[in-house]
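Text of structure-v5.cif (mmCIF, C-alpha atoms and all ligand atoms) as supplied:
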```
data_query
#
loop_
_atom_site.label_atom_id
_atom_site.label_comp_id
_atom_site.auth_asym_id
_atom_site.auth_seq_id
_atom_site.Cartn_x
_atom_site.Cartn_y
_atom_site.Cartn_z
CA MET A 15 -30.10 -40.35 6.50
CA ARG A 16 -30.58 -37.46 8.87
CA ILE A 17 -30.06 -34.21 7.01
CA ALA A 18 -29.62 -30.72 8.48
CA VAL A 19 -30.77 -28.32 5.80
CA PHE A 20 -29.50 -24.77 6.30
CA SER A 21 -30.63 -21.46 4.75
CA THR A 22 -34.06 -22.82 3.99
CA LYS A 23 -37.00 -20.79 2.77
CA GLY A 24 -40.51 -22.14 2.27
CA TYR A 25 -39.77 -22.98 -1.37
CA ASP A 26 -36.67 -25.01 -0.39
CA GLN A 27 -38.59 -26.97 2.20
CA GLU A 28 -41.42 -27.71 -0.19
CA SER A 29 -39.19 -28.82 -3.07
CA LEU A 30 -36.90 -30.95 -0.90
CA ARG A 31 -39.84 -32.64 0.88
CA GLN A 32 -41.42 -33.36 -2.48
CA ALA A 33 -38.20 -34.77 -3.96
CA ASN A 34 -37.64 -36.90 -0.84
CA GLU A 35 -41.16 -38.30 -1.17
CA ASP A 36 -41.32 -38.68 -4.95
CA GLY A 37 -37.94 -40.43 -5.08
CA GLY A 38 -38.83 -42.73 -2.18
CA HIS A 39 -35.59 -41.67 -0.45
CA GLY A 40 -36.95 -41.77 3.08
CA HIS A 41 -34.45 -39.28 4.51
CA GLU A 42 -35.14 -37.35 7.70
CA LEU A 43 -35.08 -33.66 6.88
CA ARG A 44 -34.36 -31.08 9.58
CA PHE A 45 -34.92 -27.60 8.19
CA PHE A 46 -33.14 -24.57 9.61
CA GLU A 47 -33.78 -21.05 8.42
CA PRO A 48 -30.46 -19.53 9.51
CA ARG A 49 -27.34 -19.60 7.40
CA LEU A 50 -24.67 -22.07 8.37
CA THR A 51 -22.01 -20.12 10.28
CA PRO A 52 -19.71 -20.86 13.23
CA GLN A 53 -22.57 -19.60 15.42
CA THR A 54 -25.21 -21.94 13.94
CA SER A 55 -23.18 -25.04 13.09
CA SER A 56 -24.27 -26.68 16.35
CA LEU A 57 -27.74 -27.10 14.80
CA GLY A 58 -26.22 -29.68 12.46
CA ARG A 59 -24.79 -31.80 15.24
CA GLY A 60 -25.84 -35.43 15.03
CA CYS A 61 -26.80 -35.15 11.34
CA GLU A 62 -24.80 -37.32 8.95
CA VAL A 63 -25.55 -34.89 6.15
CA VAL A 64 -25.42 -31.11 6.08
CA CYS A 65 -27.21 -29.55 3.14
CA ALA A 66 -26.02 -26.02 2.35
CA PHE A 67 -26.65 -23.16 -0.07
CA VAL A 68 -24.49 -20.45 -1.64
CA ASN A 69 -23.99 -18.15 1.34
CA ASP A 70 -23.51 -20.82 3.98
CA GLN A 71 -20.07 -20.76 5.52
CA LEU A 72 -18.23 -24.02 5.23
CA SER A 73 -15.01 -22.75 6.75
CA ALA A 74 -12.47 -24.99 8.49
CA SER A 75 -13.93 -24.28 11.93
CA VAL A 76 -17.49 -25.09 10.79
CA ILE A 77 -16.32 -28.26 9.05
CA ASP A 78 -14.38 -29.32 12.16
CA ASP A 79 -17.43 -28.78 14.35
CA LEU A 80 -19.70 -30.73 12.00
CA ALA A 81 -17.21 -33.57 11.55
CA ASP A 82 -16.64 -33.79 15.31
CA HIS A 83 -20.39 -34.36 15.71
CA GLY A 84 -21.07 -37.01 13.10
CA THR A 85 -21.39 -35.23 9.74
CA ARG A 86 -19.93 -37.22 6.86
CA LEU A 87 -21.44 -35.55 3.81
CA VAL A 88 -21.85 -31.94 2.72
CA ALA A 89 -24.58 -31.77 0.08
CA LEU A 90 -24.50 -28.42 -1.69
CA ARG A 91 -27.70 -27.17 -3.32
CA SER A 92 -25.56 -25.14 -5.70
CA ALA A 93 -23.20 -25.55 -8.62
CA GLY A 94 -20.53 -23.27 -7.15
CA PHE A 95 -18.41 -24.58 -4.26
CA ASN A 96 -16.18 -21.56 -3.67
CA HIS A 97 -17.62 -21.26 -0.14
CA VAL A 98 -16.30 -24.63 1.01
CA ASP A 99 -12.87 -25.07 2.59
CA LEU A 100 -12.03 -28.15 0.54
CA GLU A 101 -8.76 -28.78 2.37
CA ALA A 102 -10.60 -28.93 5.67
CA ALA A 103 -13.20 -31.28 4.16
CA ALA A 104 -10.43 -33.56 2.86
CA ARG A 105 -8.59 -33.46 6.20
CA ARG A 106 -11.77 -34.47 8.03
CA GLY A 107 -12.69 -37.17 5.51
CA LEU A 108 -15.94 -35.48 4.46
CA THR A 109 -17.44 -35.96 1.03
CA VAL A 110 -18.75 -32.86 -0.74
CA VAL A 111 -21.38 -33.18 -3.46
CA ARG A 112 -23.02 -30.44 -5.50
CA VAL A 113 -25.63 -29.88 -8.19
CA PRO A 114 -23.44 -29.13 -11.18
CA ALA A 115 -26.25 -28.43 -13.62
CA TYR A 116 -29.85 -27.71 -12.75
CA SER A 117 -30.89 -25.19 -15.31
CA PRO A 118 -28.19 -23.31 -17.16
CA PHE A 119 -31.06 -21.71 -19.07
CA ALA A 120 -32.40 -20.06 -15.92
CA VAL A 121 -29.14 -18.20 -15.30
CA ALA A 122 -28.43 -17.44 -18.96
CA GLU A 123 -31.95 -16.10 -19.48
CA HIS A 124 -31.62 -13.90 -16.40
CA ALA A 125 -28.33 -12.51 -17.73
CA ALA A 126 -30.11 -11.71 -21.01
CA GLY A 127 -32.92 -10.13 -19.00
CA LEU A 128 -30.47 -7.82 -17.24
CA ILE A 129 -29.01 -6.81 -20.61
CA LEU A 130 -32.41 -6.00 -22.10
CA ALA A 131 -33.54 -4.11 -19.02
CA LEU A 132 -30.36 -2.05 -18.74
CA ASN A 133 -30.11 -1.33 -22.44
CA ARG A 134 -33.71 -0.15 -22.82
CA LYS A 135 -33.81 1.23 -19.24
CA LEU A 136 -36.89 -0.81 -18.42
CA HIS A 137 -36.29 -0.37 -14.69
CA ARG A 138 -36.54 3.40 -15.11
CA ALA A 139 -39.35 3.30 -17.68
CA TYR A 140 -41.48 1.21 -15.31
CA ASN A 141 -41.25 3.86 -12.61
CA ARG A 142 -41.74 6.76 -15.00
CA VAL A 143 -44.92 5.39 -16.52
CA ARG A 144 -46.42 4.66 -13.11
CA GLU A 145 -45.91 8.32 -12.26
CA GLY A 146 -47.50 9.53 -15.47
CA ASN A 147 -44.14 10.53 -16.97
CA PHE A 148 -44.16 9.40 -20.58
CA ALA A 149 -41.08 11.39 -21.68
CA LEU A 150 -38.46 9.33 -23.47
CA ASP A 151 -35.45 11.52 -22.65
CA GLY A 152 -32.68 9.42 -21.14
CA LEU A 153 -34.23 6.12 -22.20
CA MET A 154 -32.42 5.65 -25.51
CA GLY A 155 -30.86 2.24 -25.96
CA PHE A 156 -28.96 0.54 -28.75
CA ASP A 157 -29.69 -2.32 -31.14
CA LEU A 158 -28.22 -5.55 -29.84
CA LYS A 159 -27.91 -6.82 -33.38
CA GLY A 160 -24.33 -6.46 -34.57
CA ARG A 161 -22.93 -5.68 -31.10
CA ARG A 162 -19.95 -7.55 -29.70
CA VAL A 163 -20.66 -9.58 -26.58
CA GLY A 164 -17.70 -10.88 -24.58
CA VAL A 165 -18.45 -14.12 -22.75
CA VAL A 166 -16.05 -15.07 -19.96
CA GLY A 167 -16.51 -18.79 -19.39
CA THR A 168 -18.25 -21.04 -21.89
CA GLY A 169 -19.40 -23.83 -19.61
CA ARG A 170 -23.03 -24.85 -19.30
CA ILE A 171 -24.37 -21.37 -18.55
CA GLY A 172 -21.95 -19.58 -20.88
CA VAL A 173 -23.01 -21.72 -23.83
CA ALA A 174 -26.72 -21.23 -23.09
CA PHE A 175 -26.01 -17.49 -22.96
CA VAL A 176 -24.06 -17.58 -26.24
CA ARG A 177 -27.06 -19.26 -27.88
CA ILE A 178 -29.40 -16.51 -26.70
CA MET A 179 -27.14 -13.64 -27.69
CA ALA A 180 -26.36 -15.22 -31.07
CA GLY A 181 -30.13 -15.21 -31.56
CA PHE A 182 -30.11 -11.43 -31.24
CA GLY A 183 -27.51 -11.27 -34.00
CA CYS A 184 -24.62 -10.35 -31.69
CA HIS A 185 -21.00 -11.21 -32.46
CA ILE A 186 -19.68 -13.39 -29.68
CA LEU A 187 -16.13 -13.06 -28.39
CA ALA A 188 -15.37 -15.74 -25.83
CA MET A 189 -12.58 -16.73 -23.49
CA ASP A 190 -12.17 -19.94 -21.56
CA PRO A 191 -9.11 -22.06 -20.73
CA GLU A 192 -11.15 -24.92 -22.17
CA PRO A 193 -12.94 -23.44 -25.18
CA SER A 194 -16.29 -25.04 -25.91
CA ASP A 195 -16.90 -26.64 -29.31
CA GLU A 196 -20.60 -25.93 -28.90
CA ALA A 197 -19.92 -22.22 -28.47
CA LYS A 198 -17.73 -22.31 -31.56
CA LYS A 199 -20.53 -23.99 -33.51
CA LEU A 200 -22.83 -21.17 -32.40
CA GLY A 201 -20.38 -18.73 -33.97
CA ALA A 202 -18.32 -17.65 -30.96
CA SER A 203 -14.74 -16.57 -31.67
CA PHE A 204 -12.33 -17.51 -28.89
CA VAL A 205 -9.96 -14.62 -28.28
CA ASP A 206 -7.43 -13.66 -25.62
CA ARG A 207 -8.40 -11.66 -22.57
CA ASP A 208 -6.99 -8.36 -23.87
CA ARG A 209 -9.02 -8.55 -27.06
CA LEU A 210 -12.20 -9.53 -25.27
CA LEU A 211 -11.86 -6.61 -22.85
CA ALA A 212 -10.94 -4.08 -25.55
CA GLU A 213 -13.55 -4.98 -28.15
CA SER A 214 -16.69 -6.03 -26.29
CA ASP A 215 -19.72 -3.74 -25.99
CA ILE A 216 -21.14 -6.10 -23.37
CA ILE A 217 -19.10 -8.36 -21.09
CA ALA A 218 -20.86 -11.21 -19.29
CA LEU A 219 -19.16 -13.28 -16.60
CA HIS A 220 -19.97 -16.99 -16.57
CA CYS A 221 -16.86 -18.50 -14.98
CA PRO A 222 -16.52 -19.85 -11.42
CA LEU A 223 -14.95 -17.92 -8.57
CA THR A 224 -11.49 -19.33 -7.89
CA PRO A 225 -8.26 -17.80 -6.53
CA GLU A 226 -7.36 -17.06 -10.19
CA THR A 227 -10.65 -15.36 -11.07
CA TYR A 228 -11.02 -13.37 -7.80
CA HIS A 229 -11.35 -9.66 -8.80
CA MET A 230 -10.65 -10.49 -12.43
CA ILE A 231 -12.61 -7.31 -13.21
CA ASN A 232 -10.38 -4.85 -11.36
CA ALA A 233 -9.30 -1.27 -12.12
CA LYS A 234 -6.79 -2.42 -14.75
CA ALA A 235 -9.28 -4.66 -16.54
CA LEU A 236 -11.90 -1.92 -16.44
CA ALA A 237 -9.46 0.62 -17.92
CA ALA A 238 -8.86 -1.78 -20.82
CA MET A 239 -12.58 -1.90 -21.68
CA LYS A 240 -14.45 0.24 -24.17
CA PRO A 241 -15.92 3.41 -22.69
CA GLY A 242 -19.61 2.80 -22.11
CA VAL A 243 -19.21 -0.96 -21.73
CA MET A 244 -22.05 -2.93 -20.17
CA ILE A 245 -20.93 -5.52 -17.60
CA ILE A 246 -23.15 -8.38 -16.45
CA ASN A 247 -22.28 -10.64 -13.53
CA THR A 248 -24.54 -13.56 -12.67
CA SER A 249 -21.70 -15.79 -11.47
CA ARG A 250 -20.12 -14.81 -8.18
CA GLY A 251 -19.77 -11.31 -6.72
CA ALA A 252 -16.06 -11.43 -6.04
CA LEU A 253 -15.24 -11.74 -9.73
CA ILE A 254 -15.61 -7.95 -9.70
CA ASP A 255 -13.71 -5.51 -7.50
CA THR A 256 -16.82 -3.52 -6.59
CA ARG A 257 -14.93 -0.41 -5.45
CA ALA A 258 -13.11 -0.27 -8.79
CA ALA A 259 -16.44 -0.69 -10.59
CA ILE A 260 -17.90 2.23 -8.62
CA ASP A 261 -14.95 4.43 -9.62
CA ALA A 262 -15.50 3.46 -13.27
CA LEU A 263 -19.25 4.16 -12.96
CA LYS A 264 -18.60 7.59 -11.46
CA ILE A 265 -16.55 8.70 -14.48
CA GLY A 266 -19.00 7.11 -16.92
CA HIS A 267 -16.50 4.53 -18.16
CA ILE A 268 -18.89 1.71 -17.31
CA GLY A 269 -22.06 2.45 -19.27
CA SER A 270 -24.19 0.06 -17.26
CA LEU A 271 -23.79 -2.71 -14.75
CA GLY A 272 -26.10 -5.65 -14.14
CA LEU A 273 -25.46 -7.72 -11.05
CA ASP A 274 -27.22 -10.77 -9.67
CA VAL A 275 -24.37 -11.36 -7.24
CA TYR A 276 -22.30 -9.12 -4.99
CA GLU A 277 -19.09 -9.88 -3.19
CA GLU A 278 -20.51 -9.11 0.26
CA GLU A 279 -24.01 -10.44 -0.49
CA ALA A 280 -24.10 -12.93 2.39
CA ASP A 281 -25.35 -10.32 4.88
CA LEU A 282 -27.95 -8.91 2.48
CA PHE A 283 -29.38 -11.33 -0.01
CA PHE A 284 -32.24 -13.80 0.49
CA GLU A 285 -33.66 -11.79 3.41
CA ASP A 286 -36.27 -9.04 3.66
CA ILE A 287 -34.33 -6.27 5.36
CA SER A 288 -36.44 -3.49 3.90
CA GLY A 289 -37.15 -2.11 7.37
CA GLN A 290 -33.48 -1.78 8.24
CA VAL A 291 -30.73 0.65 7.35
CA ILE A 292 -28.22 -0.90 4.94
CA GLN A 293 -24.85 -0.82 6.68
CA ASP A 294 -22.79 -1.74 3.62
CA ASP A 295 -21.77 1.63 2.17
CA VAL A 296 -20.31 0.12 -0.99
CA PHE A 297 -23.57 -1.64 -1.79
CA ALA A 298 -25.56 1.48 -0.86
CA ARG A 299 -23.44 3.51 -3.31
CA LEU A 300 -24.15 0.98 -6.06
CA LEU A 301 -27.87 1.46 -5.50
CA THR A 302 -27.59 5.18 -6.27
CA PHE A 303 -26.58 4.74 -9.92
CA PRO A 304 -29.43 4.87 -12.43
CA ASN A 305 -27.45 2.60 -14.75
CA VAL A 306 -26.91 -0.19 -12.22
CA LEU A 307 -29.50 -2.95 -11.95
CA ILE A 308 -29.14 -5.40 -9.09
CA THR A 309 -31.12 -8.55 -8.40
CA GLY A 310 -30.59 -10.57 -5.23
CA HIS A 311 -29.06 -13.83 -6.50
CA GLN A 312 -32.26 -14.88 -8.22
CA ALA A 313 -30.87 -15.96 -11.58
CA PHE A 314 -31.26 -19.63 -10.66
CA PHE A 315 -34.80 -19.14 -9.37
CA THR A 316 -37.12 -20.84 -11.83
CA ALA A 317 -39.56 -23.64 -11.05
CA GLU A 318 -37.55 -26.03 -13.21
CA ALA A 319 -34.26 -25.18 -11.52
CA VAL A 320 -35.60 -25.39 -7.95
CA GLU A 321 -37.14 -28.80 -8.68
CA ALA A 322 -33.94 -30.04 -10.32
CA ILE A 323 -31.82 -28.84 -7.38
CA ALA A 324 -34.02 -30.75 -4.93
CA THR A 325 -34.12 -33.92 -7.05
CA THR A 326 -30.36 -34.04 -7.62
CA THR A 327 -29.61 -33.21 -3.98
CA MET A 328 -31.72 -36.14 -2.80
CA GLU A 329 -30.15 -38.45 -5.39
CA ASN A 330 -26.66 -37.32 -4.34
CA ILE A 331 -27.45 -38.11 -0.70
CA SER A 332 -29.01 -41.48 -1.46
CA ALA A 333 -26.02 -42.50 -3.59
CA PHE A 334 -23.74 -41.63 -0.66
CA ALA A 335 -25.97 -43.63 1.70
CA ARG A 336 -25.59 -46.67 -0.60
CA GLY A 337 -21.81 -46.21 -0.62
CA GLU A 338 -21.90 -45.25 -4.30
CA GLU A 339 -20.64 -42.22 -6.16
CA SER A 340 -23.25 -39.94 -7.70
CA GLY A 341 -20.74 -38.42 -10.11
CA ASN A 342 -21.41 -35.03 -8.50
CA GLU A 343 -18.58 -35.22 -5.96
CA VAL A 344 -16.42 -32.11 -5.71
CA PRO A 345 -12.79 -33.22 -6.18
CA LEU A 346 -10.95 -32.69 -2.90
CA PRO A 347 -7.24 -31.98 -2.49
CA LYS A 348 -5.20 -34.84 -1.05
CA ALA A 349 -5.36 -34.66 2.74
CA SER A 350 -1.86 -33.97 4.14
P1 LIG B 401 -19.37 -24.70 -15.69
O1 LIG B 401 -18.38 -25.39 -14.78
O2 LIG B 401 -20.19 -25.51 -16.62
O3 LIG B 401 -18.57 -23.62 -16.60
C1 LIG B 401 -17.61 -22.74 -16.10
C2 LIG B 401 -16.65 -22.43 -17.25
O4 LIG B 401 -15.77 -21.38 -16.82
C3 LIG B 401 -15.78 -23.63 -17.64
O5 LIG B 401 -15.87 -23.85 -19.04
C4 LIG B 401 -14.38 -23.20 -17.23
O6 LIG B 401 -13.35 -23.74 -18.07
C5 LIG B 401 -14.49 -21.69 -17.35
N1 LIG B 401 -13.45 -20.95 -16.65
C6 LIG B 401 -12.76 -21.29 -15.54
N2 LIG B 401 -11.85 -20.34 -15.25
C7 LIG B 401 -11.95 -19.38 -16.20
C8 LIG B 401 -11.29 -18.16 -16.46
N3 LIG B 401 -10.29 -17.75 -15.66
N4 LIG B 401 -11.66 -17.43 -17.52
C9 LIG B 401 -12.64 -17.85 -18.34
N5 LIG B 401 -13.31 -19.02 -18.16
C10 LIG B 401 -12.98 -19.77 -17.10
O7 LIG B 401 -20.24 -23.79 -14.75
P2 LIG B 401 -21.69 -23.19 -15.06
O8 LIG B 401 -22.73 -24.18 -14.67
O9 LIG B 401 -21.70 -22.62 -16.41
O10 LIG B 401 -21.75 -22.01 -13.96
C11 LIG B 401 -20.87 -20.90 -14.02
C12 LIG B 401 -20.97 -20.12 -12.73
O11 LIG B 401 -22.26 -19.55 -12.59
C13 LIG B 401 -20.86 -21.02 -11.46
O12 LIG B 401 -19.49 -21.23 -11.11
C14 LIG B 401 -21.58 -20.21 -10.42
O13 LIG B 401 -20.64 -19.40 -9.75
C15 LIG B 401 -22.52 -19.32 -11.23
N6 LIG B 401 -23.93 -19.62 -10.95
C16 LIG B 401 -24.75 -18.58 -10.55
C17 LIG B 401 -26.08 -18.79 -10.29
C18 LIG B 401 -27.00 -17.68 -9.90
O14 LIG B 401 -28.14 -17.95 -9.46
N7 LIG B 401 -26.63 -16.44 -10.01
C19 LIG B 401 -26.65 -20.14 -10.41
C20 LIG B 401 -25.74 -21.14 -10.91
C21 LIG B 401 -24.42 -20.87 -11.15
#
```
As C-alpha cells - that is how I would like this structure written.
Amino acid sequence: MRIAVFSTKGYDQESLRQANEDGGHGHELRFFEPRLTPQTSSLGRGCEVVCAFVNDQLSASVIDDLADHGTRLVALRSAGFNHVDLEAAARRGLTVVRVPAYSPFAVAEHAAGLILALNRKLHRAYNRVREGNFALDGLMGFDLKGRRVGVVGTGRIGVAFVRIMAGFGCHILAMDPEPSDEAKKLGASFVDRDRLLAESDIIALHCPLTPETYHMINAKALAAMKPGVMIINTSRGALIDTRAAIDALKIGHIGSLGLDVYEEEADLFFEDISGQVIQDDVFARLLTFPNVLITGHQAFFTAEAVEAIATTTMENISAFARGEESGNEVPLPKAS
C-alpha cells in the first residue's frame, strides 16, 4: 500500500523502513516531515494510508480532504487517539488503527524518572555542580518509602508504574473506572477521587484524554490536594488546566510538577526552536519555576518502544491490506 507518513524524524523513517523490510510488507513509504494539518493534508493525496503521530491534526476537514483523495486507513503510531475526529472518520468510512501497547515500561519509567529528579532536585544539582557550586541548600528531598502515590488510571502504563513505585515501598492509592486486578495484587488500594486527591503525596496521571478527563486537574481538584503535592503527567497535556496549575505553583500549593506533555504542545514539541522566541506565555511561565521539570513528550522514546511502534504499525497496515482486522482498530461511533 502507498503510505503517507507525517511528522517523521530520522528515527521514524529508519524504524519504519526497517519494519517494512524485516516483515516483508512491501509497502511504499512516503515520508513527510511536517505535521498533518489542513495546510499539509494535500501531501497525503493519492495515498491509501495516512500514518500519523500524536500532534497530527485529524480534524473533520483533514479527514474529508484525505478521504476525498483516496485515503482509506489512518494508521496511528500512538496509543492515544484523542486527536482524531472519530465521527468524521466513521462518516467517511475510514478505518483507524493504533498501537495500543508498545512499551508501557518506557512511559512508566520516565514518570518515575521525573519523580526522582524533582524530589532530589537533580535538574538543579546538575547545573550547580557544573558551576562549582556544591552547596546543598534547597536540594533537600524526601524518602519515597512510605509515601502515598495516587495513580489515576491503572491500564498498561499505570500498572507498570504501580510496580515501580511499590518497589520503592510507596503506598499506592489508585482510581480507575475499571480497577485492575494486577494493580490490586501489587498492593494498590482503589479509592474514590476525593480520597486520592486529599491523601496522595504524589499524583501521577495515566489515563487517556477524553471529554470526561479534560482538565480533570483544575483549580478545584488542586485545592483538594495536599499542600506540597507532586504532580506528574506523562499522559496528555489537557488533563491539567495549566493556568490553574501555575496559580497553585505561585502560592506553593503544588510542591513540584513533572510534565512530559503540555496542552498546547503541538506548536512546540518535537522541533528544535531554540533560536526562536517562545510565543506561548503560559508555557514560558512554567519554565520559570525551579520546581517544574518538563520533557518534550519523550516518555515513549526508548529503542524498544520505537521498534515496537514501527513493527505494529506495519502489521496493522498489512492486515488492513488483506481485508483482515488487526485487533488494533479504534472503535468508531456509528455513522449517522
Ligand atoms: P490503557 O488504555 O491501557 O489504560 C488507560 C486506563 O485509564 C484504563 O484502565 C482506563 O479504564 C483508565 N481511565 C479511563 N478514564 C479514567 C478516569 N476518568 N479516571 C481514571 N482512570 C481512567 O492506556 P495506557 O497504555 O496505559 O496509556 C495511558 C495514556 O498514556 C494514553 O492514553 C496516552 O495518552 C498516554 N501515553 C503517553 C505517552 C508519552 O510518550 N508521553 C506514550 C504512550 C501513552
Report as a ChimeraX atom specification which protein, DNA and RNA residues come within 8 Å of ligand LIG 401 (chain B), using all atoms listed in the file. /A:92-96,114-118,120-121,166-173,189-194,220-224,226-227,230,248-250,274-275,311-315
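For the set A:Ala202, A:Val76, A:Leu158, A:Ile287, the residue with the smallest atom-to-atom gap to Gly183 of chain A is A:Leu158, counting all atoms listed in the file.
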Take atom CA of Ala317 of chain A and atom CA of Leu30 of chain A and report the distance between them in Å, one decimal. 12.8 Å
Residues of segment 282-333 of chain A at most 12 Å from segment 240-247 of chain A: nearest atom pair and distance in Å, only C-alpha atoms, as a tab-separated table:
```
residue	atom	partner	partner_atom	distance
A:Asn305	CA	A:Met244	CA	9.4
A:Val306	CA	A:Ile245	CA	9.6
A:Leu307	CA	A:Ile246	CA	9.5
A:Ile308	CA	A:Asn247	CA	9.7
A:Thr309	CA	A:Asn247	CA	10.4
A:Gly310	CA	A:Asn247	CA	11.7
A:His311	CA	A:Asn247	CA	10.3
A:Ala313	CA	A:Asn247	CA	10.3
```
Residues near Leu50 of chain A, cut-off 8 Å, all atoms listed in the file, skip fewer than 2 positions along chain, as a list of chain:residue names: A:Phe20, A:Ser21, A:Pro48, A:Pro52, A:Gln53, A:Thr54, A:Ser55, A:Ala66, A:Asp70, A:Gln71, A:Leu72
Residues near Leu90 of chain A, anyone? I mean within 8 Å using all atoms listed in the file, not counting same-chain ones fewer than 3 positions away, as a PyMOL selection string. chain A and resi 65-68+93+95+110-113+327
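Picture a line from atom CA of Ala131 of chain A to atom CA of Asp255 of chain A; it runs 23.0 Å.
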In file coordinates, which residues lie within 9 Å of (-25.6, -10.3, -25.0) using only C-alpha atoms, given as a PyMOL selection string? chain A and resi 125-126+129-130+158+161-165+175-176+178-180+182+184-186+215-218
Could you rebuild segment 57-72 of chain A with N, CA, C and O atoms and give it back as a compact mmCIF listing (two decimals), in the frame of the given file?
```
# COMPACT_ATOMS: atom_id res chain seq x y z
N LEU A 57 -26.43 -26.55 15.20
CA LEU A 57 -27.74 -27.10 14.80
C LEU A 57 -27.58 -28.38 13.99
O LEU A 57 -28.48 -29.21 13.94
N GLY A 58 -26.43 -28.51 13.32
CA GLY A 58 -26.22 -29.68 12.46
C GLY A 58 -25.65 -30.87 13.21
O GLY A 58 -25.45 -31.94 12.62
N ARG A 59 -25.39 -30.70 14.49
CA ARG A 59 -24.79 -31.80 15.24
C ARG A 59 -25.69 -33.03 15.23
O ARG A 59 -26.90 -32.92 15.39
N GLY A 60 -25.07 -34.18 15.04
CA GLY A 60 -25.84 -35.43 15.03
C GLY A 60 -26.46 -35.74 13.68
O GLY A 60 -27.14 -36.76 13.52
N CYS A 61 -26.26 -34.86 12.69
CA CYS A 61 -26.80 -35.15 11.34
C CYS A 61 -25.65 -35.63 10.45
O CYS A 61 -24.61 -34.96 10.35
N GLU A 62 -25.87 -36.78 9.81
CA GLU A 62 -24.80 -37.32 8.95
C GLU A 62 -24.57 -36.45 7.73
O GLU A 62 -23.51 -36.45 7.14
N VAL A 63 -25.63 -35.72 7.35
CA VAL A 63 -25.55 -34.89 6.15
C VAL A 63 -25.89 -33.45 6.51
O VAL A 63 -26.86 -33.19 7.23
N VAL A 64 -25.08 -32.53 5.98
CA VAL A 64 -25.42 -31.11 6.08
C VAL A 64 -25.66 -30.60 4.67
O VAL A 64 -24.83 -30.82 3.78
N CYS A 65 -26.82 -29.99 4.48
CA CYS A 65 -27.21 -29.55 3.14
C CYS A 65 -27.15 -28.01 3.15
O CYS A 65 -27.82 -27.36 3.96
N ALA A 66 -26.32 -27.44 2.27
CA ALA A 66 -26.02 -26.02 2.35
C ALA A 66 -26.25 -25.30 1.03
O ALA A 66 -26.22 -25.92 -0.04
N PHE A 67 -26.43 -23.98 1.13
CA PHE A 67 -26.65 -23.16 -0.07
C PHE A 67 -25.49 -22.18 -0.23
O PHE A 67 -24.50 -22.22 0.51
N VAL A 68 -25.64 -21.24 -1.18
CA VAL A 68 -24.49 -20.45 -1.64
C VAL A 68 -23.84 -19.55 -0.59
O VAL A 68 -22.64 -19.28 -0.67
N ASN A 69 -24.59 -19.06 0.37
CA ASN A 69 -23.99 -18.15 1.34
C ASN A 69 -23.74 -18.80 2.69
O ASN A 69 -23.46 -18.12 3.68
N ASP A 70 -23.88 -20.12 2.75
CA ASP A 70 -23.51 -20.82 3.98
C ASP A 70 -21.99 -20.86 4.08
O ASP A 70 -21.30 -20.95 3.07
N GLN A 71 -21.52 -20.78 5.32
CA GLN A 71 -20.07 -20.76 5.52
C GLN A 71 -19.58 -22.15 5.85
O GLN A 71 -19.90 -22.67 6.92
N LEU A 72 -18.81 -22.71 4.96
CA LEU A 72 -18.23 -24.02 5.23
C LEU A 72 -16.72 -23.83 5.40
O LEU A 72 -15.91 -24.36 4.65
```
